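Colleague: Input file: protein-v5.txt. Contents: compact mmCIF, C-alpha atoms (C1' of nucleotides).
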# COMPACT_ATOMS: atom_id res chain seq x y z
CA MET A 192 -65.29 48.58 -70.00
CA SER A 193 -63.69 49.08 -73.33
CA ALA A 194 -63.51 52.83 -73.88
CA LEU A 195 -62.15 53.64 -70.45
CA VAL A 196 -58.60 52.74 -71.34
CA ALA A 197 -56.69 53.70 -74.40
CA PRO A 198 -55.91 50.81 -76.77
CA ILE A 199 -52.92 48.92 -75.47
CA VAL A 200 -50.00 49.66 -77.72
CA CYS A 201 -46.55 48.28 -77.26
CA CYS A 202 -43.11 49.56 -78.06
CA ALA A 203 -44.01 53.23 -78.37
CA PRO A 204 -40.79 54.97 -79.33
CA LEU A 205 -39.27 56.72 -76.36
CA ALA A 206 -36.70 59.42 -76.29
CA GLU A 207 -33.32 58.09 -77.20
CA PRO A 208 -31.38 56.83 -74.22
CA THR A 209 -29.15 59.61 -73.00
CA LEU A 210 -26.50 57.08 -72.07
CA ASP A 211 -24.67 55.45 -74.95
CA GLU A 212 -22.87 52.15 -74.65
CA GLU A 213 -19.63 53.80 -73.59
CA GLN A 214 -21.18 55.91 -70.86
CA ALA A 215 -23.16 52.96 -69.53
CA GLU A 216 -19.97 50.94 -69.40
CA ALA A 217 -18.22 53.65 -67.40
CA THR A 218 -21.12 54.00 -64.99
CA ALA A 219 -21.31 50.26 -64.47
CA GLU A 220 -17.59 50.24 -63.81
CA LEU A 221 -18.07 52.69 -60.97
CA PHE A 222 -20.86 50.64 -59.41
CA LYS A 223 -18.86 47.46 -59.94
CA ALA A 224 -16.15 48.86 -57.71
CA LEU A 225 -18.67 49.03 -54.86
CA ALA A 226 -20.37 45.73 -55.66
CA ASP A 227 -18.48 43.89 -52.94
CA PRO A 228 -19.08 43.98 -49.17
CA ALA A 229 -15.37 44.25 -48.40
CA ARG A 230 -14.98 47.30 -50.61
CA VAL A 231 -18.13 48.86 -49.20
CA ARG A 232 -16.71 48.51 -45.71
CA ILE A 233 -13.38 49.96 -46.81
CA VAL A 234 -15.03 53.05 -48.26
CA ASN A 235 -17.31 53.36 -45.25
CA THR A 236 -14.41 53.10 -42.85
CA ILE A 237 -12.46 55.80 -44.64
CA ALA A 238 -15.54 58.01 -44.87
CA THR A 239 -16.31 57.78 -41.16
CA ALA A 240 -12.64 58.15 -40.25
CA GLY A 241 -12.66 61.59 -41.85
CA GLY A 242 -9.19 61.18 -43.23
CA ALA A 243 -6.57 58.83 -44.60
CA VAL A 244 -6.52 55.28 -43.24
CA CYS A 245 -3.58 52.90 -43.12
CA ALA A 246 -3.90 49.82 -45.32
CA CYS A 247 -2.89 47.65 -42.38
CA GLU A 248 -6.11 48.70 -40.68
CA PHE A 249 -8.28 46.66 -43.02
CA GLU A 250 -6.68 43.25 -42.77
CA PRO A 251 -7.87 42.59 -39.20
CA ALA A 252 -11.11 44.55 -39.60
CA LEU A 253 -12.24 42.64 -42.67
CA GLY A 254 -10.83 39.26 -41.74
CA LEU A 255 -9.23 38.91 -45.15
CA SER A 256 -5.70 38.09 -46.16
CA GLN A 257 -3.21 40.82 -46.94
CA PRO A 258 -3.13 40.12 -50.70
CA THR A 259 -6.91 40.25 -50.86
CA VAL A 260 -7.05 43.57 -49.04
CA SER A 261 -4.40 44.95 -51.35
CA HIS A 262 -6.44 43.74 -54.30
CA HIS A 263 -9.56 45.56 -53.10
CA LEU A 264 -7.66 48.75 -52.37
CA LYS A 265 -6.16 48.68 -55.84
CA LYS A 266 -9.57 48.18 -57.40
CA LEU A 267 -11.02 51.16 -55.55
CA THR A 268 -7.98 53.25 -56.41
CA ASP A 269 -8.05 52.28 -60.09
CA VAL A 270 -11.67 53.38 -60.44
CA GLY A 271 -10.72 56.72 -58.88
CA LEU A 272 -12.62 56.43 -55.61
CA LEU A 273 -9.53 56.25 -53.41
CA GLU A 274 -6.22 58.04 -53.36
CA ARG A 275 -3.03 56.33 -52.29
CA GLU A 276 -0.41 58.07 -50.22
CA GLN A 277 2.87 56.61 -49.05
CA ARG A 278 3.82 57.38 -45.45
CA GLY A 279 7.05 55.68 -44.56
CA LYS A 280 6.56 52.03 -45.26
CA TRP A 281 2.83 52.29 -44.83
CA ALA A 282 0.21 53.07 -47.45
CA TYR A 283 -2.61 55.38 -46.51
CA PHE A 284 -5.84 55.65 -48.45
CA SER A 285 -8.34 58.48 -48.52
CA LEU A 286 -11.47 59.29 -50.49
CA LYS A 287 -10.64 61.16 -53.66
CA ARG A 288 -12.19 64.56 -54.01
CA GLY A 289 -14.75 64.61 -56.79
CA ALA A 290 -15.09 60.86 -57.02
CA VAL A 291 -17.64 60.82 -54.24
CA GLU A 292 -19.46 63.69 -55.86
CA THR A 293 -19.40 61.81 -59.14
CA LEU A 294 -20.91 58.79 -57.45
CA ALA A 295 -23.64 60.86 -55.84
CA ALA A 296 -24.33 62.55 -59.17
CA VAL A 297 -24.63 59.24 -61.01
CA ALA A 298 -26.93 57.89 -58.34
CA ASP A 299 -29.01 61.04 -58.50
CA LEU A 300 -29.20 60.87 -62.26
CA LYS A 301 -31.56 58.04 -61.63
CA GLY A 302 -33.59 60.30 -59.39
CA VAL A 303 -34.89 62.19 -62.39
CA CYS A 304 -38.01 60.12 -62.10
CA CYS A 305 -40.23 60.72 -59.10
CA MET B 1 12.76 68.43 -41.43
CA SER B 2 12.11 66.09 -38.60
CA ALA B 3 9.90 67.98 -36.16
CA LEU B 4 7.51 69.19 -38.83
CA VAL B 5 5.65 65.94 -39.04
CA ALA B 6 4.39 63.81 -36.19
CA PRO B 7 6.15 60.47 -35.74
CA ILE B 8 4.82 57.97 -38.21
CA VAL B 9 2.59 55.55 -36.38
CA CYS B 10 0.59 52.80 -37.99
CA CYS B 11 -2.70 51.18 -37.20
CA ALA B 12 -4.09 53.86 -34.93
CA PRO B 13 -7.47 52.56 -33.78
CA LEU B 14 -10.31 54.21 -35.63
CA ALA B 15 -13.93 54.45 -34.75
CA GLU B 16 -15.66 51.16 -35.25
CA PRO B 17 -17.06 50.75 -38.73
CA THR B 18 -20.66 51.86 -38.73
CA LEU B 19 -21.49 49.18 -41.25
CA ASP B 20 -21.45 45.62 -40.00
CA GLU B 21 -21.04 42.66 -42.27
CA GLU B 22 -24.75 42.34 -42.90
CA GLN B 23 -25.27 45.96 -43.84
CA ALA B 24 -22.22 45.93 -46.09
CA GLU B 25 -23.61 42.89 -47.83
CA ALA B 26 -26.93 44.60 -48.43
CA THR B 27 -25.28 47.74 -49.74
CA ALA B 28 -23.05 45.75 -52.07
CA GLU B 29 -26.12 43.92 -53.32
CA LEU B 30 -27.67 47.21 -54.37
CA PHE B 31 -24.54 48.31 -56.21
CA LYS B 32 -24.20 44.87 -57.76
CA ALA B 33 -27.56 45.35 -59.42
CA LEU B 34 -26.17 48.36 -61.25
CA ALA B 35 -22.76 46.86 -61.97
CA ASP B 36 -23.70 45.97 -65.52
CA PRO B 37 -23.95 48.30 -68.54
CA ALA B 38 -27.19 46.74 -69.74
CA ARG B 39 -28.88 47.31 -66.38
CA VAL B 40 -27.53 50.84 -66.20
CA ARG B 41 -29.10 51.59 -69.58
CA ILE B 42 -32.37 50.01 -68.52
CA VAL B 43 -32.60 52.19 -65.43
CA ASN B 44 -31.50 55.24 -67.37
CA THR B 45 -34.09 54.62 -70.06
CA ILE B 46 -36.89 54.30 -67.53
CA ALA B 47 -35.68 57.37 -65.64
CA THR B 48 -35.60 59.55 -68.74
CA ALA B 49 -38.90 58.15 -69.99
CA GLY B 50 -40.58 59.50 -66.90
CA GLY B 51 -42.87 56.53 -66.60
CA ALA B 52 -43.33 52.83 -67.10
CA VAL B 53 -41.56 51.26 -70.05
CA CYS B 54 -42.53 48.10 -71.91
CA ALA B 55 -40.09 45.21 -71.59
CA CYS B 56 -40.15 44.76 -75.35
CA GLU B 57 -38.52 48.15 -75.64
CA PHE B 58 -35.18 46.93 -74.34
CA GLU B 59 -34.53 43.96 -76.59
CA PRO B 60 -33.83 46.05 -79.70
CA ALA B 61 -32.33 48.96 -77.76
CA LEU B 62 -29.77 46.85 -75.94
CA GLY B 63 -29.09 44.36 -78.70
CA LEU B 64 -29.56 41.47 -76.31
CA SER B 65 -31.71 38.37 -76.56
CA GLN B 66 -35.15 38.28 -74.97
CA PRO B 67 -34.15 35.86 -72.17
CA THR B 68 -31.17 38.04 -71.27
CA VAL B 69 -33.32 41.17 -71.09
CA SER B 70 -35.80 39.33 -68.92
CA HIS B 71 -32.96 38.22 -66.69
CA HIS B 72 -31.74 41.79 -66.20
CA LEU B 73 -35.23 43.10 -65.51
CA LYS B 74 -35.75 40.39 -62.92
CA LYS B 75 -32.47 41.26 -61.23
CA LEU B 76 -33.38 44.93 -61.00
CA THR B 77 -36.85 44.06 -59.76
CA ASP B 78 -35.57 41.60 -57.15
CA VAL B 79 -33.27 44.20 -55.64
CA GLY B 80 -36.22 46.57 -55.42
CA LEU B 81 -35.15 49.16 -57.96
CA LEU B 82 -37.90 48.39 -60.47
CA GLU B 83 -41.56 47.65 -60.20
CA ARG B 84 -43.32 45.26 -62.56
CA GLU B 85 -46.77 45.92 -63.88
CA GLN B 86 -48.75 43.70 -66.22
CA ARG B 87 -50.61 45.48 -69.02
CA GLY B 88 -52.34 42.99 -71.23
CA LYS B 89 -49.69 40.60 -72.45
CA TRP B 90 -46.96 43.13 -71.97
CA ALA B 91 -44.87 43.80 -68.90
CA TYR B 92 -44.15 47.39 -67.97
CA PHE B 93 -41.39 48.42 -65.63
CA SER B 94 -41.02 51.63 -63.66
CA LEU B 95 -38.66 52.93 -61.01
CA LYS B 96 -39.83 52.02 -57.55
CA ARG B 97 -40.50 54.89 -55.23
CA GLY B 98 -37.99 55.00 -52.40
CA ALA B 99 -35.51 52.70 -54.09
CA VAL B 100 -33.97 55.57 -55.98
CA GLU B 101 -33.89 57.63 -52.82
CA THR B 102 -32.25 54.72 -51.03
CA LEU B 103 -29.63 54.53 -53.73
CA ALA B 104 -28.91 58.24 -53.52
CA ALA B 105 -28.73 58.03 -49.74
CA VAL B 106 -26.29 55.15 -49.82
CA ALA B 107 -24.14 56.96 -52.32
CA ASP B 108 -24.26 60.11 -50.23
CA LEU B 109 -23.27 58.18 -47.13
CA LYS B 110 -19.89 58.16 -48.69
CA GLY B 111 -20.01 61.91 -49.07
CA VAL B 112 -19.54 62.35 -45.34
CA CYS B 113 -15.93 63.00 -46.06
CA CYS B 114 -15.08 66.21 -47.92
C1' DT C 175 24.58 46.25 -46.72
C1' DT C 176 21.69 43.45 -44.28
C1' DG C 177 17.49 42.35 -41.90
C1' DA C 178 12.73 43.31 -40.78
C1' DC C 179 8.38 44.73 -42.02
C1' DA C 180 4.48 46.63 -45.17
C1' DT C 181 2.61 46.26 -49.46
C1' DA C 182 2.13 44.65 -54.26
C1' DT C 183 2.14 41.10 -57.71
C1' DC C 184 1.70 36.38 -59.41
C1' DG C 185 -0.52 31.91 -60.17
C1' DA C 186 -4.10 28.97 -59.13
C1' DC C 187 -8.57 27.56 -57.62
C1' DG C 188 -13.67 27.57 -56.94
C1' DT C 189 -17.63 30.32 -57.51
C1' DC C 190 -20.50 33.65 -59.50
C1' DT C 191 -22.49 35.86 -63.63
C1' DG C 192 -23.88 37.25 -68.37
C1' DT C 193 -25.24 35.19 -72.34
C1' DC C 194 -27.79 32.26 -75.37
C1' DG C 195 -31.11 28.53 -77.41
C1' DA C 196 -34.86 25.75 -76.17
C1' DT C 197 -38.92 25.51 -73.75
C1' DA C 198 -42.71 26.69 -70.52
C1' DT C 199 -46.21 29.98 -68.99
C1' DA C 200 -49.50 33.64 -69.63
C1' DT C 201 -52.49 36.63 -72.16
C1' DT C 202 -55.12 38.04 -76.04
C1' DT C 203 -57.42 37.08 -80.40
C1' DA C 204 -59.72 34.32 -83.87
C1' DT D 240 -61.14 25.67 -78.25
C1' DA D 241 -56.71 26.73 -80.85
C1' DA D 242 -53.27 29.96 -82.59
C1' DA D 243 -50.31 33.89 -81.87
C1' DT D 244 -47.53 36.80 -79.19
C1' DA D 245 -44.96 38.44 -74.90
C1' DT D 246 -42.52 37.09 -71.11
C1' DA D 247 -40.35 33.88 -67.83
C1' DT D 248 -37.71 29.79 -66.78
C1' DC D 249 -34.32 26.15 -67.66
C1' DG D 250 -29.79 24.22 -68.87
C1' DA D 251 -25.39 24.99 -70.50
C1' DC D 252 -21.32 27.46 -71.53
C1' DA D 253 -17.46 30.93 -71.33
C1' DG D 254 -15.53 34.55 -68.94
C1' DA D 255 -15.05 37.43 -64.82
C1' DC D 256 -14.22 37.71 -59.93
C1' DG D 257 -12.87 36.94 -54.95
C1' DT D 258 -9.79 34.47 -52.46
C1' DC D 259 -5.51 32.58 -50.96
C1' DG D 260 -0.34 31.06 -50.55
C1' DA D 261 3.98 32.10 -52.39
C1' DT D 262 6.87 35.50 -53.87
C1' DA D 263 8.58 40.09 -55.36
C1' DT D 264 9.09 44.98 -54.41
C1' DG D 265 9.78 48.83 -51.56
C1' DT D 266 10.98 51.26 -47.24
C1' DC D 267 13.15 51.97 -42.90
C1' DA D 268 16.45 50.74 -39.21
C1' DA D 269 20.69 48.72 -37.53
Rewrite the coordinates I just gave you, this time as structure tokens.

Modeller:
Amino acid sequence: MSALVAPIVCCAPLAEPTLDEEQAEATAELFKALADPARVRIVNTIATAGGAVCACEFEPALGLSQPTVSHHLKKLTDVGLLEREQRGKWAYFSLKRGAVETLAAVADLKGVCC
Amino acid sequence: MSALVAPIVCCAPLAEPTLDEEQAEATAELFKALADPARVRIVNTIATAGGAVCACEFEPALGLSQPTVSHHLKKLTDVGLLEREQRGKWAYFSLKRGAVETLAAVADLKGVCC
DNA sequence: TTGACATATCGACGTCTGTCGATATATTTA
DNA sequence: TAAATATATCGACAGACGTCGATATGTCAA
């Protein structure tokens, strides 16, 4: 069984990666924002709520301190996934239009395969 | 302008989060695997290649040492995104069927909103 | 203005993670 | 068998990150 398979050759040049260093960094930044269970639950809660959610909602639901919750909300907002809205003395957060579509698009970009 | 908006009330009970702690942890684990530029480029390279890619391909492309590349490939494989295949003395990696669909589904779960 | 409450920021701490050099393992070739 | 090459593992290090208590900022009500 020698002619059945082509000679094993390594490191055949592939098409240049479509993502350069900068784009990869940006994509990783987006995933990094969701690389924490607390932030996943925050996004999930807002998504299932179908609208803006008060920040005070998360402290008891997640069992985390107020500064920690604020930290996570800021991280999600900074990356553009959430939108902050002041209502009286409360802060409400909702999913930002386009950000979710961006996320889905990035995830689907990896679906080019099979 | 007082009757135009409903009285500001905080902490209205929302539907219970559909994701429990365990599910959130698992989801975060998946995102964590892609929360690094090097791993994003690895997945992107394999996706655009349309097939298995030799491990030796990444060391020069990413500008990282061989142990570091191996570490990233292991991380992506452990989370189930990549599949390892031995060809002679080389290791080839391809996107695992279903994993990409899982990723897209998780990302779309957050698209329930708008 | 003062007090009460919601949220943000700060500083610190322990843990996790990416990175590397050195080394071990595995596979092919001589 | 031994040598060569590809990959994985190990140990160590620096930097990033999640977490909290203390405190500052902002907003409303009295």

Colleague: Identify, on the basis of all atoms listed in the file, every residue whose closest approach to Asp36 of chain B does not exceed 9 Å; exclude the query and any residue fewer than 6 positions from it along the same chain; express the result as a PyMOL selection string.

Modeller: chain A and resi 215-216+218-220+222-223

Colleague: If I take atom CA of Thr239 of chain A and atom CA of Ala33 of chain B, how far is one from the other in Å, to one decimal?

Modeller: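 Rounded to one decimal, the two atoms are 24.8 Å apart.
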
Colleague: May I have the residues of chain A within 12 Å of chain C, counting only C-alpha atoms (C1' of nucleotides), written as a list in words?

Modeller: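 The selection requested is Ile199, Cys245, Ala246, Cys247, Glu248, Glu250, Gln257, Pro258, Thr259, Val260, Ser261, His262, His263, Leu264, Lys265, Arg275, Gln277, Arg278, Gly279, Lys280, Trp281, Ala282 and Tyr283 of chain A.
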
Colleague: For chain D versus chain A, which residues have an atom no more than 10 Å away, and what is each residue's nearest atom pair and distance in Å rounded to one decimal, using all atoms listed in the file, chain-then-number order, as a Markdown table?

Modeller:
| residue | atom | partner | partner_atom | distance |
| --- | --- | --- | --- | --- |
| D:DG257 | C1' | A:Thr259 | CA | 8.0 |
| D:DT258 | C1' | A:Thr259 | CA | 6.7 |
| D:DC259 | C1' | A:Ser256 | CA | 7.3 |
| D:DG260 | C1' | A:Pro258 | CA | 9.5 |
| D:DG265 | C1' | A:Lys280 | CA | 7.8 |
| D:DT266 | C1' | A:Lys280 | CA | 4.9 |
| D:DC267 | C1' | A:Lys280 | CA | 7.0 |

Colleague: Rounded to one decimal place, report the atom CA of Leu272 of chain A-atom CA of Ala252 of chain A distance in Å.

Modeller: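 Atom CA of Ala252 of chain A lies 20.0 Å from atom CA of Leu272 of chain A.
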
Colleague: So the first atom is atom CA of Ala105 of chain B and the second is atom CA of Leu294 of chain A; what is the distance between them in Å, to one decimal place?

Modeller: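 Taking atom CA of Ala105 of chain B and atom CA of Leu294 of chain A, their separation equals 11.0 Å.
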
Colleague: Please supply segment 52-78 of chain B, rebuilt with N, CA and C atoms, as a PDB file, keeping the file's coordinate frame.

Modeller:
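File selection18.pdb, as written:
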ATOM      1  N   ALA B  52     -43.540  54.249 -66.865  1.00  0.00           N
ATOM      2  CA  ALA B  52     -43.330  52.830 -67.100  1.00  0.00           C
ATOM      3  C   ALA B  52     -42.915  52.581 -68.549  1.00  0.00           C
ATOM      4  N   VAL B  53     -42.062  51.596 -68.735  1.00  0.00           N
ATOM      5  CA  VAL B  53     -41.560  51.260 -70.050  1.00  0.00           C
ATOM      6  C   VAL B  53     -41.806  49.773 -70.320  1.00  0.00           C
ATOM      7  N   CYS B  54     -42.257  49.483 -71.536  1.00  0.00           N
ATOM      8  CA  CYS B  54     -42.530  48.100 -71.910  1.00  0.00           C
ATOM      9  C   CYS B  54     -41.234  47.312 -72.004  1.00  0.00           C
ATOM     10  N   ALA B  55     -41.275  46.064 -71.569  1.00  0.00           N
ATOM     11  CA  ALA B  55     -40.090  45.210 -71.590  1.00  0.00           C
ATOM     12  C   ALA B  55     -39.586  45.014 -73.013  1.00  0.00           C
ATOM     13  N   CYS B  56     -40.521  45.002 -73.956  1.00  0.00           N
ATOM     14  CA  CYS B  56     -40.150  44.760 -75.350  1.00  0.00           C
ATOM     15  C   CYS B  56     -39.316  45.889 -75.922  1.00  0.00           C
ATOM     16  N   GLU B  57     -39.285  46.992 -75.197  1.00  0.00           N
ATOM     17  CA  GLU B  57     -38.520  48.150 -75.640  1.00  0.00           C
ATOM     18  C   GLU B  57     -37.013  47.885 -75.586  1.00  0.00           C
ATOM     19  N   PHE B  58     -36.614  47.067 -74.643  1.00  0.00           N
ATOM     20  CA  PHE B  58     -35.180  46.930 -74.340  1.00  0.00           C
ATOM     21  C   PHE B  58     -34.463  45.964 -75.269  1.00  0.00           C
ATOM     22  N   GLU B  59     -35.201  44.962 -75.756  1.00  0.00           N
ATOM     23  CA  GLU B  59     -34.530  43.960 -76.590  1.00  0.00           C
ATOM     24  C   GLU B  59     -33.848  44.599 -77.799  1.00  0.00           C
ATOM     25  N   PRO B  60     -34.538  45.420 -78.568  1.00  0.00           N
ATOM     26  CA  PRO B  60     -33.830  46.050 -79.700  1.00  0.00           C
ATOM     27  C   PRO B  60     -32.845  47.130 -79.248  1.00  0.00           C
ATOM     28  N   ALA B  61     -33.187  47.851 -78.186  1.00  0.00           N
ATOM     29  CA  ALA B  61     -32.330  48.960 -77.760  1.00  0.00           C
ATOM     30  C   ALA B  61     -30.982  48.473 -77.235  1.00  0.00           C
ATOM     31  N   LEU B  62     -31.006  47.339 -76.555  1.00  0.00           N
ATOM     32  CA  LEU B  62     -29.770  46.850 -75.940  1.00  0.00           C
ATOM     33  C   LEU B  62     -29.030  45.860 -76.838  1.00  0.00           C
ATOM     34  N   GLY B  63     -29.737  45.337 -77.847  1.00  0.00           N
ATOM     35  CA  GLY B  63     -29.090  44.360 -78.700  1.00  0.00           C
ATOM     36  C   GLY B  63     -28.834  43.044 -77.996  1.00  0.00           C
ATOM     37  N   LEU B  64     -29.705  42.726 -77.060  1.00  0.00           N
ATOM     38  CA  LEU B  64     -29.560  41.470 -76.310  1.00  0.00           C
ATOM     39  C   LEU B  64     -30.768  40.585 -76.585  1.00  0.00           C
ATOM     40  N   SER B  65     -30.616  39.312 -76.338  1.00  0.00           N
ATOM     41  CA  SER B  65     -31.710  38.370 -76.560  1.00  0.00           C
ATOM     42  C   SER B  65     -32.815  38.598 -75.537  1.00  0.00           C
ATOM     43  N   GLN B  66     -33.998  38.104 -75.852  1.00  0.00           N
ATOM     44  CA  GLN B  66     -35.150  38.280 -74.970  1.00  0.00           C
ATOM     45  C   GLN B  66     -34.936  37.642 -73.590  1.00  0.00           C
ATOM     46  N   PRO B  67     -34.400  36.429 -73.508  1.00  0.00           N
ATOM     47  CA  PRO B  67     -34.150  35.860 -72.170  1.00  0.00           C
ATOM     48  C   PRO B  67     -33.169  36.687 -71.353  1.00  0.00           C
ATOM     49  N   THR B  68     -32.170  37.238 -71.999  1.00  0.00           N
ATOM     50  CA  THR B  68     -31.170  38.040 -71.270  1.00  0.00           C
ATOM     51  C   THR B  68     -31.805  39.317 -70.731  1.00  0.00           C
ATOM     52  N   VAL B  69     -32.625  39.968 -71.553  1.00  0.00           N
ATOM     53  CA  VAL B  69     -33.320  41.170 -71.090  1.00  0.00           C
ATOM     54  C   VAL B  69     -34.211  40.853 -69.904  1.00  0.00           C
ATOM     55  N   SER B  70     -34.931  39.738 -70.013  1.00  0.00           N
ATOM     56  CA  SER B  70     -35.800  39.330 -68.920  1.00  0.00           C
ATOM     57  C   SER B  70     -35.001  39.074 -67.651  1.00  0.00           C
ATOM     58  N   HIS B  71     -33.842  38.492 -67.824  1.00  0.00           N
ATOM     59  CA  HIS B  71     -32.960  38.220 -66.690  1.00  0.00           C
ATOM     60  C   HIS B  71     -32.534  39.516 -65.985  1.00  0.00           C
ATOM     61  N   HIS B  72     -32.166  40.510 -66.774  1.00  0.00           N
ATOM     62  CA  HIS B  72     -31.740  41.790 -66.200  1.00  0.00           C
ATOM     63  C   HIS B  72     -32.895  42.489 -65.492  1.00  0.00           C
ATOM     64  N   LEU B  73     -34.064  42.455 -66.120  1.00  0.00           N
ATOM     65  CA  LEU B  73     -35.230  43.100 -65.510  1.00  0.00           C
ATOM     66  C   LEU B  73     -35.599  42.424 -64.192  1.00  0.00           C
ATOM     67  N   LYS B  74     -35.462  41.122 -64.155  1.00  0.00           N
ATOM     68  CA  LYS B  74     -35.750  40.390 -62.920  1.00  0.00           C
ATOM     69  C   LYS B  74     -34.771  40.776 -61.821  1.00  0.00           C
ATOM     70  N   LYS B  75     -33.511  40.914 -62.212  1.00  0.00           N
ATOM     71  CA  LYS B  75     -32.470  41.260 -61.230  1.00  0.00           C
ATOM     72  C   LYS B  75     -32.738  42.631 -60.627  1.00  0.00           C
ATOM     73  N   LEU B  76     -33.097  43.569 -61.483  1.00  0.00           N
ATOM     74  CA  LEU B  76     -33.380  44.930 -61.000  1.00  0.00           C
ATOM     75  C   LEU B  76     -34.646  44.955 -60.157  1.00  0.00           C
ATOM     76  N   THR B  77     -35.601  44.122 -60.518  1.00  0.00           N
ATOM     77  CA  THR B  77     -36.850  44.060 -59.760  1.00  0.00           C
ATOM     78  C   THR B  77     -36.623  43.404 -58.398  1.00  0.00           C
ATOM     79  N   ASP B  78     -35.832  42.325 -58.400  1.00  0.00           N
ATOM     80  CA  ASP B  78     -35.570  41.600 -57.150  1.00  0.00           C
ATOM     81  C   ASP B  78     -34.891  42.481 -56.115  1.00  0.00           C
TER      82      ASP B  78
END
